[in-house]
Amino acid sequence: MKLNRFWKVAGAVVLLCLGSTPAFAAGRVFTSDVVIIGAGGAGLAAAVSAAQAGAKVTVLEKLPVIGGHTIISGGSVNAPDPERQAKAGIKDSPDLFFEQTLRAGDYRGEPGVVRVLADNATDMLKWFESLGLKWDDRVFEAWGGLYPRSHNSGAAAAGKDYIRVLNDNAKKLGVSIKTNTKVVELIREANGGPVIGLKAVNKAGDTDTYLAKAVIVATGGFTANIPMRMKYNPRLNEKFRTTANPQGKALDGSTGDGIIMAKKIGADDVGMDYIQLIPFSGGRVIDYVGGDIFVNFDGKRFVNEGGRRDAISDAILSQRGQKMWVITDDQSIKGASLHTKLEKGIVYKADTIEEMAKKMNVDPKVLQNTLERYNQYGKDKQDPDFGKTMFTQVIDKAPYYFGIETADVHFTCGGLRISPSTEVIDLDNKVIPGLYAAGETTGGIHGTNRAGGNSLTAIFVFGRIAGTNAAKLAASKVAAK
């Protein structure tokens, strides 16, 4: 489409809206090469890559702060990394990453999209380094990650580092980020035409129009939208908290906005009933495999702590009270939540197994036997009871840390169907021109079950690709003028 025709059509749409929606007249009209919905990890990665490619970029965020779920994450990022993994004696490759990601999701992921994830993960690490991030040399297996290829910045809450680096670079590149701005509708030309902008309600309550040559949806999933998640999994009612709001007192913005808006203009979705739960808000204080043990209210193990996340959640929900105890010791690397959980009495400390058993109200002999048996498996590096293969330590150095844990709604594996180039696909299996998507708002990557550490990898890999491709589309429309 010629650029002048693009703005003529866009202007006509604006006039039509002005005539039919009175509140719309109070708003303003903005123009940009690329407009991104959502200022979380995917949105900011897209913003930086689009700006690096020369595009004028605007990011709209409905919340008063940026960061989304990324900023509150532990920060595990999966990627083959020959240099760091070789030092640890770990063999890895994009092919192995590809195969394990497909297998983790029961081969329900779309191979073409998963291939892009696996082939671009290592370069994503280098891209972050070029932006100023320093990766820690430690390589570990993220909880539920199923293989030791996880990285982070070394901070207890590494997600903050990623958002800080992306935000700093976005500012340097002239990206405009507007908070308290809720996008309510995508604007698409009739008869299968391109997406040419969107409508958004500003802080004053007026509806503004943003016209763009490309739009990227990066609004996250729908874990916090109870009716929406119950549509696909009826058991996930209001009794289940989300890992972004475990105490029910915070604001979780993952309400499926982008998915809903895109579907209204013909977008297809995939895997919407694959909703992941994990133990998070209680006794767990580490985010990697091999440093803690799960026991039921009888003081006995009941699951492979390093297994698939869906298998672990199902096992927890089958226990008495749908809860368990999580135990670690002084040797493990604790997350940022430990101090707060200790203060609030969510996690406890004990100097002996007997003291711990008394606080847990379990038979000390049973708990002693459970730990001794587990520690022997840890020394042998094999678990004949449940098949655990990753042991980073035994659990025998006091003080012990322990707490009750249950399963919270953590991640929606389904969302908008995208091409390997992050273009949104419609119900006729055709690309919706001008519309891209990245992050948890998309489906087809993780299949039935997301491996731990793959979320941030997908967010950054596909956010970066979406930004680059959106910028290319914008430049092509300028060249066609």
# chains A, B, ... in the order shown; residues from 1 in each chain; ligands from 1

call {"tool": "residues_around", "arguments": {"residues": "Phe294 of chain A", "least_positions_apart": "5", "cutoff": "8 Å", "atoms": "only C-alpha atoms", "output": "PyMOL selection string"}}
result
chain A and resi 301-303+305+324-327

call {"tool": "residues_around", "arguments": {"residues": "Ala212 of chain A", "least_positions_apart": "5", "cutoff": "6 Å", "atoms": "only C-alpha atoms", "output": "ChimeraX atom specification"}}
result
/A:31-34,196-197

call {"tool": "write_last_selection", "arguments": {"atoms": "N, CA and C atoms", "output": "CSV table (one decimal), in the first residue's frame"}}
result
chain,number,residue,atom,x,y,z
A,31,THR,N,0.4,9.4,15.5
A,31,THR,CA,1.0,8.5,14.5
A,31,THR,C,2.3,8.0,14.9
A,32,SER,N,2.6,6.8,14.4
A,32,SER,CA,3.9,6.1,14.7
A,32,SER,C,4.2,5.1,13.7
A,33,ASP,N,5.4,4.7,13.5
A,33,ASP,CA,5.7,3.6,12.6
A,33,ASP,C,5.2,2.3,13.2
A,34,VAL,N,5.6,2.0,14.5
A,34,VAL,CA,5.2,0.8,15.2
A,34,VAL,C,4.6,1.2,16.6
A,196,ILE,N,-4.3,-1.0,11.0
A,196,ILE,CA,-3.6,0.3,10.8
A,196,ILE,C,-3.6,1.2,12.1
A,197,GLY,N,-3.9,0.6,13.2
A,197,GLY,CA,-3.8,1.3,14.4
A,197,GLY,C,-4.7,0.7,15.5

call {"tool": "residues_around", "arguments": {"residues": "Met261 of chain A", "least_positions_apart": "4", "cutoff": "8 Å", "atoms": "only C-alpha atoms", "output": "PDB file with N, CA and C atoms, in the first residue's frame"}}
result
ATOM      1  N   VAL A 184      -8.166  -0.560  23.849  1.00  0.00           N
ATOM      2  CA  VAL A 184      -9.495  -1.180  23.911  1.00  0.00           C
ATOM      3  C   VAL A 184      -9.949  -1.763  22.575  1.00  0.00           C
ATOM      4  N   GLU A 185      -9.261  -1.412  21.491  1.00  0.00           N
ATOM      5  CA  GLU A 185      -9.720  -1.909  20.191  1.00  0.00           C
ATOM      6  C   GLU A 185      -8.620  -1.780  19.144  1.00  0.00           C
ATOM      7  N   LEU A 186      -8.509  -2.785  18.293  1.00  0.00           N
ATOM      8  CA  LEU A 186      -7.619  -2.718  17.138  1.00  0.00           C
ATOM      9  C   LEU A 186      -8.391  -2.192  15.948  1.00  0.00           C
ATOM     10  N   ASP A 257      -6.357  -9.287  27.425  1.00  0.00           N
ATOM     11  CA  ASP A 257      -6.860  -8.187  26.588  1.00  0.00           C
ATOM     12  C   ASP A 257      -6.470  -8.321  25.122  1.00  0.00           C
ATOM     13  N   ILE A 265     -11.052  -9.208  15.500  1.00  0.00           N
ATOM     14  CA  ILE A 265     -10.789  -8.838  14.106  1.00  0.00           C
ATOM     15  C   ILE A 265     -10.358 -10.057  13.282  1.00  0.00           C
TER      16      ILE A 265
END

call {"tool": "closest_residue", "arguments": {"among": "A:Gln276, A:Asn180, A:Ser130, A:Thr457", "to": "Arg309 of chain A", "atoms": "only C-alpha atoms"}}
result
A:Gln276

call {"tool": "residues_around", "arguments": {"residues": "Val195 of chain A", "least_positions_apart": "6", "cutoff": "10 Å", "atoms": "only C-alpha atoms", "output": "list in words"}}
result
Ala10, Leu186, Ile187, Arg188, Glu189, Leu211, Ala212, Lys213, Ala214, Val215, Ile265, Ile432, Pro433, Gly434, Leu435 and Tyr436 of chain A

call {"tool": "closest_residue", "arguments": {"among": "A:Asn169, A:Asn454, A:Thr468, A:Ser281", "to": "Ala104 of chain A", "atoms": "only C-alpha atoms"}}
result
A:Asn454

call {"tool": "closest_residue", "arguments": {"among": "A:Val409, A:Leu236, A:Ala190, A:Val201", "to": "Ile278 of chain A", "atoms": "only C-alpha atoms"}}
result
A:Val409

call {"tool": "residues_around", "arguments": {"residues": "segment 440-451 of chain A", "least_positions_apart": "5", "cutoff": "6 Å", "atoms": "only C-alpha atoms", "output": "mmCIF file with C-alpha atoms, in the first residue's frame"}}
result
data_model
loop_
_atom_site.group_PDB
_atom_site.id
_atom_site.type_symbol
_atom_site.label_atom_id
_atom_site.label_comp_id
_atom_site.auth_asym_id
_atom_site.auth_seq_id
_atom_site.Cartn_x
_atom_site.Cartn_y
_atom_site.Cartn_z
ATOM 1 C CA GLY A 105 4.681 -30.041 25.569
ATOM 2 C CA ARG A 108 1.555 -30.029 20.678
ATOM 3 C CA GLY A 109 3.787 -27.042 19.952
ATOM 4 C CA GLU A 110 4.020 -25.888 16.354
ATOM 5 C CA VAL A 114 9.588 -23.906 18.228
ATOM 6 C CA GLY A 144 10.530 -27.658 35.663
ATOM 7 C CA GLY A 145 13.178 -26.872 33.055
ATOM 8 C CA THR A 219 -0.246 -7.985 26.541
ATOM 9 C CA GLY A 220 0.593 -11.227 28.338
ATOM 10 C CA GLY A 221 -1.693 -14.142 29.087
ATOM 11 C CA VAL A 270 -4.214 -22.236 19.759
ATOM 12 C CA TYR A 274 -3.229 -25.612 28.395
ATOM 13 C CA CYS A 413 0.442 -21.802 27.303
ATOM 14 C CA GLY A 414 -2.214 -20.932 24.704
ATOM 15 C CA GLY A 415 -2.896 -17.674 22.917
ATOM 16 C CA LEU A 416 -2.830 -16.087 19.494
ATOM 17 C CA ARG A 417 -1.592 -18.281 16.680
#
